[in-house]
>>> print(open('final.tsv').read())   # TSV, C-alpha atoms
chain	number	residue	atom	x	y	z
J	1	MET	CA	83.82	100.83	87.71
J	2	THR	CA	82.05	102.57	84.85
J	3	ASP	CA	82.34	100.61	81.65
J	4	LYS	CA	85.26	101.45	79.41
J	5	ALA	CA	83.11	103.26	76.86
J	6	THR	CA	81.98	105.69	79.54
J	7	ALA	CA	85.48	106.08	80.92
J	8	ASP	CA	86.68	107.27	77.51
J	9	GLU	CA	84.45	110.32	77.76
J	10	THR	CA	85.25	111.42	81.30
J	11	GLY	CA	87.63	114.00	82.68
J	12	ALA	CA	86.98	116.74	80.15
J	13	GLY	CA	88.25	119.44	82.48
J	14	PRO	CA	91.32	121.57	81.78
J	15	PRO	CA	94.19	119.24	80.83
J	16	ALA	CA	97.03	118.77	83.26
J	17	THR	CA	99.70	116.15	83.77
J	18	ALA	CA	101.25	115.01	87.03
J	19	ALA	CA	104.37	112.92	87.33
J	20	ALA	CA	104.19	112.62	91.09
J	21	THR	CA	106.36	109.73	92.20
J	22	THR	CA	107.51	110.83	95.66
J	23	PRO	CA	104.77	111.04	98.29
J	24	VAL	CA	104.57	114.26	100.26
J	25	PRO	CA	102.84	114.82	103.60
J	26	TYR	CA	99.09	115.15	103.32
J	27	ASP	CA	96.10	115.49	105.62
J	28	PRO	CA	94.00	112.48	106.66
J	29	TYR	CA	91.70	111.29	103.89
J	30	ASP	CA	88.41	109.42	103.61
J	31	ALA	CA	87.56	106.76	101.05
J	32	VAL	CA	84.37	106.24	99.06
J	33	VAL	CA	84.15	102.87	97.30
J	34	LEU	CA	81.40	102.37	94.71
J	35	ALA	CA	80.43	98.69	94.81
J	36	GLY	CA	76.97	98.73	93.24
J	37	GLY	CA	76.10	98.39	89.59
J	38	ALA	CA	74.52	95.65	87.51
J	39	ALA	CA	77.78	94.09	86.16
J	40	ARG	CA	76.02	93.44	82.85
J	41	ARG	CA	79.23	92.40	81.09
J	42	LEU	CA	79.70	89.76	83.78
J	43	GLY	CA	76.23	88.41	83.19
J	44	GLY	CA	74.92	90.09	86.33
J	45	ALA	CA	77.43	88.32	88.60
J	46	ASP	CA	78.30	89.71	92.03
J	47	LYS	CA	81.39	91.50	90.78
J	48	PRO	CA	82.65	92.87	94.15
J	49	GLY	CA	82.59	89.29	95.47
J	50	VAL	CA	84.47	87.72	92.55
J	51	ARG	CA	87.77	86.38	93.83
J	52	VAL	CA	91.16	87.19	92.34
J	53	GLY	CA	94.12	85.62	94.09
J	54	GLY	CA	91.81	84.10	96.69
J	55	ARG	CA	90.39	87.48	97.76
J	56	ALA	CA	87.18	89.23	96.79
J	57	LEU	CA	87.75	92.24	94.54
J	58	LEU	CA	86.09	94.52	97.08
J	59	ASP	CA	88.35	93.25	99.87
J	60	ARG	CA	91.42	93.93	97.73
J	61	VAL	CA	90.31	97.54	97.27
J	62	LEU	CA	89.52	97.91	100.99
J	63	ALA	CA	93.02	96.68	101.83
J	64	ALA	CA	94.52	99.35	99.56
J	65	CYS	CA	92.60	102.17	101.29
J	66	ALA	CA	93.05	100.86	104.83
J	67	GLY	CA	94.78	104.14	105.72
J	68	ALA	CA	91.57	106.11	105.26
J	69	ARG	CA	90.11	107.76	108.34
J	70	THR	CA	86.60	106.72	107.26
J	71	THR	CA	85.77	104.23	104.51
J	72	VAL	CA	82.29	104.33	103.00
J	73	VAL	CA	81.12	101.55	100.68
J	74	VAL	CA	78.10	102.43	98.56
J	75	ALA	CA	76.28	99.13	98.13
J	76	ALA	CA	74.11	96.68	100.01
J	77	PRO	CA	75.97	95.57	103.16
J	78	ARG	CA	78.02	92.37	103.04
J	79	THR	CA	80.83	90.72	104.96
J	80	THR	CA	84.15	92.49	104.31
J	81	VAL	CA	87.77	92.07	105.34
J	82	ARG	CA	87.56	95.13	107.62
J	83	PRO	CA	84.79	97.26	109.10
J	84	VAL	CA	83.36	99.98	106.84
J	85	ARG	CA	80.43	102.36	106.81
J	86	TRP	CA	77.64	101.48	104.38
J	87	ALA	CA	75.59	103.85	102.25
J	88	ARG	CA	73.11	103.54	99.40
J	89	GLU	CA	72.10	105.87	96.60
J	90	GLU	CA	68.40	106.68	96.19
J	91	PRO	CA	66.96	105.04	94.32
J	92	PRO	CA	69.32	102.02	94.19
J	93	GLY	CA	70.87	101.79	90.75
J	94	ALA	CA	70.69	105.56	90.17
J	95	GLY	CA	74.22	105.58	88.76
J	96	PRO	CA	77.75	106.50	89.81
J	97	VAL	CA	77.16	110.22	90.39
J	98	ALA	CA	74.25	109.54	92.73
J	99	ALA	CA	76.28	106.80	94.44
J	100	LEU	CA	79.24	109.12	94.94
J	101	ALA	CA	76.98	111.77	96.47
J	102	ALA	CA	75.51	109.18	98.85
J	103	GLY	CA	78.94	108.07	100.00
J	104	LEU	CA	80.31	111.58	100.31
J	105	ARG	CA	77.61	112.47	102.85
J	106	HIS	CA	79.40	110.25	105.38
J	107	THR	CA	82.86	111.81	104.94
J	108	THR	CA	84.44	114.69	106.82
J	109	ALA	CA	88.06	114.83	105.59
J	110	GLU	CA	89.27	117.56	103.25
J	111	HIS	CA	90.37	114.94	100.72
J	112	ALA	CA	88.67	111.74	99.59
J	113	VAL	CA	89.82	108.89	97.39
J	114	VAL	CA	87.02	107.63	95.16
J	115	LEU	CA	87.39	104.06	94.00
J	116	SER	CA	85.48	101.38	92.16
J	117	ALA	CA	85.33	97.91	93.70
J	118	ASP	CA	86.96	96.06	90.79
J	119	LEU	CA	90.63	97.10	90.98
J	120	PRO	CA	92.73	93.96	91.64
J	121	PHE	CA	96.11	95.71	91.49
J	122	LEU	CA	95.40	98.81	93.57
J	123	ARG	CA	97.96	99.42	96.32
J	124	PRO	CA	98.34	101.94	99.16
J	125	ALA	CA	101.31	103.45	97.31
J	126	THR	CA	98.98	104.32	94.41
J	127	LEU	CA	96.73	106.32	96.70
J	128	ARG	CA	99.75	108.08	98.20
J	129	ARG	CA	100.79	109.14	94.69
J	130	LEU	CA	97.32	110.49	93.94
J	131	LEU	CA	97.15	112.41	97.22
J	132	ALA	CA	100.66	113.77	96.64
J	133	ALA	CA	99.66	114.98	93.17
J	134	LEU	CA	96.58	116.65	94.63
J	135	HIS	CA	98.68	118.33	97.30
J	136	GLU	CA	101.38	119.52	94.90
J	137	THR	CA	99.19	120.89	92.11
J	138	GLY	CA	96.33	122.54	93.99
J	139	VAL	CA	93.75	121.22	91.51
J	140	ASP	CA	90.34	119.73	92.35
J	141	GLY	CA	91.28	116.13	91.67
J	142	ALA	CA	94.06	113.73	90.66
J	143	LEU	CA	93.09	110.63	88.74
J	144	LEU	CA	94.84	107.67	87.17
J	145	THR	CA	95.05	107.09	83.46
J	146	ASP	CA	95.13	103.58	82.02
J	147	ALA	CA	97.44	101.92	79.48
J	148	ASP	CA	95.65	103.73	76.63
J	149	GLY	CA	95.81	107.12	78.33
J	150	ARG	CA	92.12	107.14	79.27
J	151	ASP	CA	90.99	108.86	82.45
J	152	GLN	CA	89.81	106.64	85.30
J	153	PRO	CA	87.69	108.94	87.51
J	154	LEU	CA	86.97	106.07	89.92
J	155	VAL	CA	90.64	105.65	90.79
J	156	ALA	CA	91.19	109.19	92.00
J	157	ALA	CA	91.71	111.59	94.87
J	158	TYR	CA	89.53	114.69	95.10
J	159	ARG	CA	89.02	117.73	97.27
J	160	THR	CA	85.70	117.03	98.94
J	161	ALA	CA	84.68	120.69	98.84
J	162	ALA	CA	85.01	120.69	95.05
J	163	LEU	CA	82.99	117.48	94.73
J	164	ARG	CA	80.22	118.81	96.97
J	165	ARG	CA	80.10	122.09	95.07
J	166	GLU	CA	79.72	120.46	91.67
J	167	LEU	CA	77.33	117.76	92.89
J	168	ALA	CA	75.06	120.45	94.30
J	169	ALA	CA	75.20	122.36	91.01
J	170	LEU	CA	74.35	119.23	89.01
J	171	ALA	CA	71.47	118.32	91.31
J	172	ALA	CA	70.02	121.81	90.95
J	173	ALA	CA	70.42	121.85	87.17
J	174	HIS	CA	68.99	118.37	86.56
J	175	ASP	CA	66.45	118.07	89.39
J	176	GLY	CA	68.55	115.34	90.98
J	177	LEU	CA	71.53	113.14	90.14
J	178	THR	CA	69.83	109.97	88.90
J	179	GLY	CA	71.32	108.63	85.69
J	180	LEU	CA	73.93	111.34	85.24
J	181	PRO	CA	77.26	110.15	83.74
J	182	LEU	CA	80.49	110.84	85.59
J	183	ARG	CA	81.73	113.09	82.78
J	184	ARG	CA	79.13	115.69	83.86
J	185	LEU	CA	80.90	115.86	87.21
J	186	THR	CA	84.55	115.54	86.19
J	187	GLY	CA	84.10	117.89	83.26
J	188	ALA	CA	83.55	120.74	85.72
J	189	LEU	CA	86.66	119.96	87.80
J	190	ARG	CA	90.29	120.96	87.38
J	191	LEU	CA	92.10	117.64	87.15
J	192	THR	CA	95.65	116.35	87.01
J	193	ARG	CA	96.57	112.94	85.63
J	194	VAL	CA	98.84	110.22	87.04
J	195	PRO	CA	99.64	107.42	84.57
J	196	ASP	CA	99.51	103.90	86.07
J	197	PRO	CA	98.46	101.10	83.69
J	198	ARG	CA	98.65	98.38	86.34
J	199	ALA	CA	96.80	100.02	89.23
J	200	SER	CA	94.10	101.39	86.89
J	201	PHE	CA	93.32	97.92	85.47
J	202	ASP	CA	89.67	97.15	86.24
J	203	CYS	CA	87.63	93.99	85.78
J	204	ASP	CA	84.61	94.60	83.57
J	205	THR	CA	84.49	91.22	81.78
J	206	TRP	CA	85.32	87.59	82.51
J	207	ASP	CA	88.33	87.98	80.25
J	208	ASP	CA	89.51	90.79	82.53
J	209	ILE	CA	89.05	88.49	85.54
J	210	ALA	CA	91.04	85.71	83.86
J	211	ASN	CA	93.77	88.18	82.92
J	212	ALA	CA	94.01	89.47	86.50
J	213	ARG	CA	94.16	85.96	87.92
J	214	ALA	CA	97.00	85.09	85.57
J	215	ARG	CA	98.95	88.30	86.19
J	216	ILE	CA	99.08	87.92	89.96
J	217	ARG	CA	100.79	84.56	89.49
J	218	GLU	CA	103.60	86.01	87.40
J	219	HIS	CA	107.02	85.47	88.92
J	220	GLY	CA	107.60	89.10	89.83
J	221	HIS	CA	104.32	89.46	91.72
J	222	VAL	CA	103.24	86.11	93.13
J	223	LEU	CA	105.07	86.32	96.47
J	224	ASP	CA	103.83	89.82	97.32
J	225	GLU	CA	100.32	88.83	96.27
J	226	TRP	CA	100.38	85.70	98.41
J	227	ILE	CA	101.72	87.46	101.51
J	228	SER	CA	99.12	90.21	101.16
J	229	ALA	CA	96.37	87.60	100.81
J	230	VAL	CA	97.54	85.69	103.89
J	231	LYS	CA	97.73	88.86	105.99
J	232	ASP	CA	94.21	89.83	104.96
J	233	GLU	CA	92.89	86.34	105.64
J	234	LEU	CA	94.45	86.28	109.11
J	235	GLY	CA	93.62	89.88	109.95
J	236	ILE	CA	97.28	90.85	110.26
J	237	ASP	CA	98.31	94.44	109.58
J	238	LEU	CA	102.08	94.13	109.85
J	239	ASP	CA	104.78	95.29	107.46
J	240	VAL	CA	107.99	93.32	107.92
J	241	ASP	CA	111.12	92.78	105.84
J	242	MET	CA	110.22	89.65	103.92
J	243	ASN	CA	113.81	89.22	102.78
J	244	VAL	CA	114.81	88.64	106.42
J	245	LEU	CA	112.30	85.81	106.73
J	246	LEU	CA	113.27	84.34	103.37
J	247	ASP	CA	116.94	84.35	104.36
J	248	LEU	CA	116.04	82.69	107.64
J	249	ALA	CA	114.04	80.00	105.84
J	250	ARG	CA	116.95	79.37	103.49
J	251	ASP	CA	119.44	79.06	106.36
J	252	ALA	CA	117.16	76.69	108.26
J	253	ALA	CA	116.52	74.54	105.18
J	254	HIS	CA	120.18	74.29	104.19
J	255	GLY	CA	121.77	74.20	107.63
J	256	VAL	CA	119.29	71.96	109.44
J	257	ALA	CA	116.73	70.21	107.23
J	258	ARG	CA	114.23	71.30	104.59
J	259	PRO	CA	111.15	70.95	106.87
J	260	ALA	CA	112.91	73.24	109.36
J	261	ALA	CA	112.24	76.27	107.11
J	262	PRO	CA	108.43	76.62	107.52
J	263	LEU	CA	108.49	75.46	111.15
J	264	THR	CA	111.21	77.96	112.08
J	265	THR	CA	109.43	80.90	110.47
J	266	PHE	CA	106.23	79.89	112.28
J	267	LEU	CA	108.06	79.84	115.61
J	268	VAL	CA	109.59	83.24	114.87
J	269	GLY	CA	106.12	84.67	114.32
J	270	TYR	CA	104.84	83.08	117.49
J	271	ALA	CA	107.78	84.40	119.51
J	272	ALA	CA	107.34	87.89	118.05
J	273	ALA	CA	103.65	87.87	118.97
J	274	ARG	CA	104.42	86.82	122.55
J	275	SER	CA	106.89	89.68	122.91
J	276	GLY	CA	104.37	92.29	121.81
J	277	GLY	CA	104.42	91.97	118.04
J	278	GLY	CA	105.50	94.60	115.55
J	279	PRO	CA	108.19	94.64	112.85
J	280	GLU	CA	110.99	95.09	115.40
J	281	ALA	CA	109.92	91.99	117.34
J	282	VAL	CA	109.82	89.93	114.15
J	283	ALA	CA	113.26	91.17	113.09
J	284	GLU	CA	114.78	90.36	116.50
J	285	ALA	CA	113.28	86.87	116.64
J	286	ALA	CA	114.42	86.21	113.07
J	287	ARG	CA	117.95	87.40	113.92
J	288	LYS	CA	118.19	84.99	116.84
J	289	ALA	CA	116.82	82.06	114.85
J	290	ALA	CA	119.13	82.78	111.91
J	291	ALA	CA	122.15	82.91	114.20
J	292	LEU	CA	121.13	79.56	115.68
J	293	ALA	CA	120.72	78.04	112.21
J	294	LEU	CA	124.21	79.21	111.25
J	295	ARG	CA	125.70	77.75	114.45
J	296	TRP	CA	123.89	74.49	113.79
J	297	ALA	CA	125.24	74.35	110.25
J	298	GLU	CA	128.78	75.13	111.44
J	299	GLU	CA	128.68	72.28	113.96
J	300	ALA	CA	127.43	69.93	111.25
J	301	ARG	CA	130.34	70.90	109.01
J	302	GLU	CA	132.81	70.43	111.84
J	303	ALA	CA	131.33	67.06	112.69
J	304	GLY	CA	131.45	66.07	109.04
J	305	GLY	CA	135.08	67.09	108.77
J	306	ALA	CA	136.04	65.12	111.88
J	307	GLY	CA	134.23	62.11	110.58
J	308	GLU	CA	136.12	62.17	107.31
J	309	GLY	CA	139.46	62.23	109.15
J	310	ASN	CA	138.93	59.32	111.52
J	311	GLY	CA	136.40	57.17	109.82
J	312	GLY	CA	133.38	58.93	111.37
J	313	PRO	CA	131.06	57.63	113.99
J	314	SER	CA	130.06	54.63	111.86
J	315	ALA	CA	133.64	53.37	111.31
J	316	PRO	CA	134.37	49.88	112.71
J	317	ASP	CA	136.04	49.67	116.10
J	318	ALA	CA	139.80	49.30	115.47
J	319	GLY	CA	140.44	48.03	118.98
>>> encode(input="final.tsv", output="structure tokens")
Amino acid sequence: MTDKATADETGAGPPATAAATTPVPYDPYDAVVLAGGAARRLGGADKPGVRVGGRALLDRVLAACAGARTTVVVAAPRTTVRPVRWAREEPPGAGPVAALAAGLRHTTAEHAVVLSADLPFLRPATLRRLLAALHETGVDGALLTDADGRDQPLVAAYRTAALRRELAALAAAHDGLTGLPLRRLTGALRLTRVPDPRASFDCDTWDDIANARARIREHGHVLDEWISAVKDELGIDLDVDMNVLLDLARDAAHGVARPAAPLTTFLVGYAAARSGGGPEAVAEAARKAAALALRWAEEAREAGGAGEGNGGPSAPDAG
């Protein structure tokens, strides 16, 4: 993302505020992810490849925008968690405005989300909120604001026609786009703001990286973070009710034996895959396994009760 000093100066267009919390239907969108830059405050490290929660920052952003019809990453090609289209600004290192223009050339949707590659807490729901705000207000763009109320123009949804119009005007006025700050672009757009301190958190420094790594291990987030990481690692795009699986694991651990919990949930996944996969298949396999675990536990209680009444199977032979 642009450094925080630059972000303070962006979004000078007519003020507006959006409190969009309920997604509304919207047209298909494209995504442009800016993953270049020198990362000077990280000592020139490969920032998109820095891992938070076991996943590269770029892969975390690509998972959040997996619903895009086309995803364009503006950077030198690398291995990513899912296929994308690659683009490069000319010359390389020409800045975020030139990079955005390079990525936008490969998009065709009416709307585009524009993202930096250093957003560890971005989620699909965030993009739905931005697209809903864009749909509801009729402005040129909807962007997040951070914990201090600063605009984050690289966590935003825009109308591509508006971006193309203003990029063309800037290129004509400045004989190109090289070196132009984002505020020159956003200042000409009608924008609405969506506050989201968590999703707008970006990693510009090693302290930011350390903070992000600590925050994903907080009690309220660690399970969701881990499941998302596992699904990305295994190439699984499946939304299931995790509470169902957790309840099954608890029943298997308490009613059978503790090691039965992970083995049972593995077998449920395997059975669901064999029957065609999908959330419904997982739920049905989990229901059957949970019912079995409860029957198993009931028999154990009955056997325990009988044993207490007659000395149990280990009592000495009275004959």
>>> closest_residue(input="final.tsv", among="J:Ala64, J:Ala286, J:Arg183, J:Pro96", to="J:Pro124", atoms="all atoms listed in the file")
J:Ala64
>>> residues_around(input="final.tsv", residues="J:Ala102", least_positions_apart="3", cutoff="10 Å", atoms="all atoms listed in the file", output="list in words")
Val32, Leu34, Val72, Val73, Val74, Trp86, Ala87, Arg88, Glu89, Glu90, Pro96, Val97, Ala98, Ala99, Arg105, His106 and Thr107 of chain J
>>> residues_near_point(input="final.tsv", point="(123.6, 69.6, 105.7)", cutoff="8 Å", atoms="all atoms listed in the file", output="list in words")
His254, Gly255, Val256, Ala257, Ala297, Ala300 and Arg301 of chain J
>>> write_last_selection(input="final.tsv", atoms="C-alpha atoms", output="compact mmCIF listing (two decimals), in the coordinates of the input")
# COMPACT_ATOMS: atom_id res chain seq x y z
CA HIS J 254 120.18 74.29 104.19
CA GLY J 255 121.77 74.20 107.63
CA VAL J 256 119.29 71.96 109.44
CA ALA J 257 116.73 70.21 107.23
CA ALA J 297 125.24 74.35 110.25
CA ALA J 300 127.43 69.93 111.25
CA ARG J 301 130.34 70.90 109.01
>>> atom_distance(input="final.tsv", atom1="atom CA of J:Ala162", atom2="atom CA of J:Asp146")
23.8 Å
>>> atom_distance(input="final.tsv", atom1="atom CA of J:Leu292", atom2="atom CA of J:Val240")
20.5 Å
>>> atom_distance(input="final.tsv", atom1="atom CA of J:Leu163", atom2="atom CA of J:Phe201")
24.0 Å
>>> closest_residue(input="final.tsv", among="J:Ser275, J:Thr265, J:Thr160, J:Thr192", to="J:Thr137", atoms="all atoms listed in the file")
J:Thr192
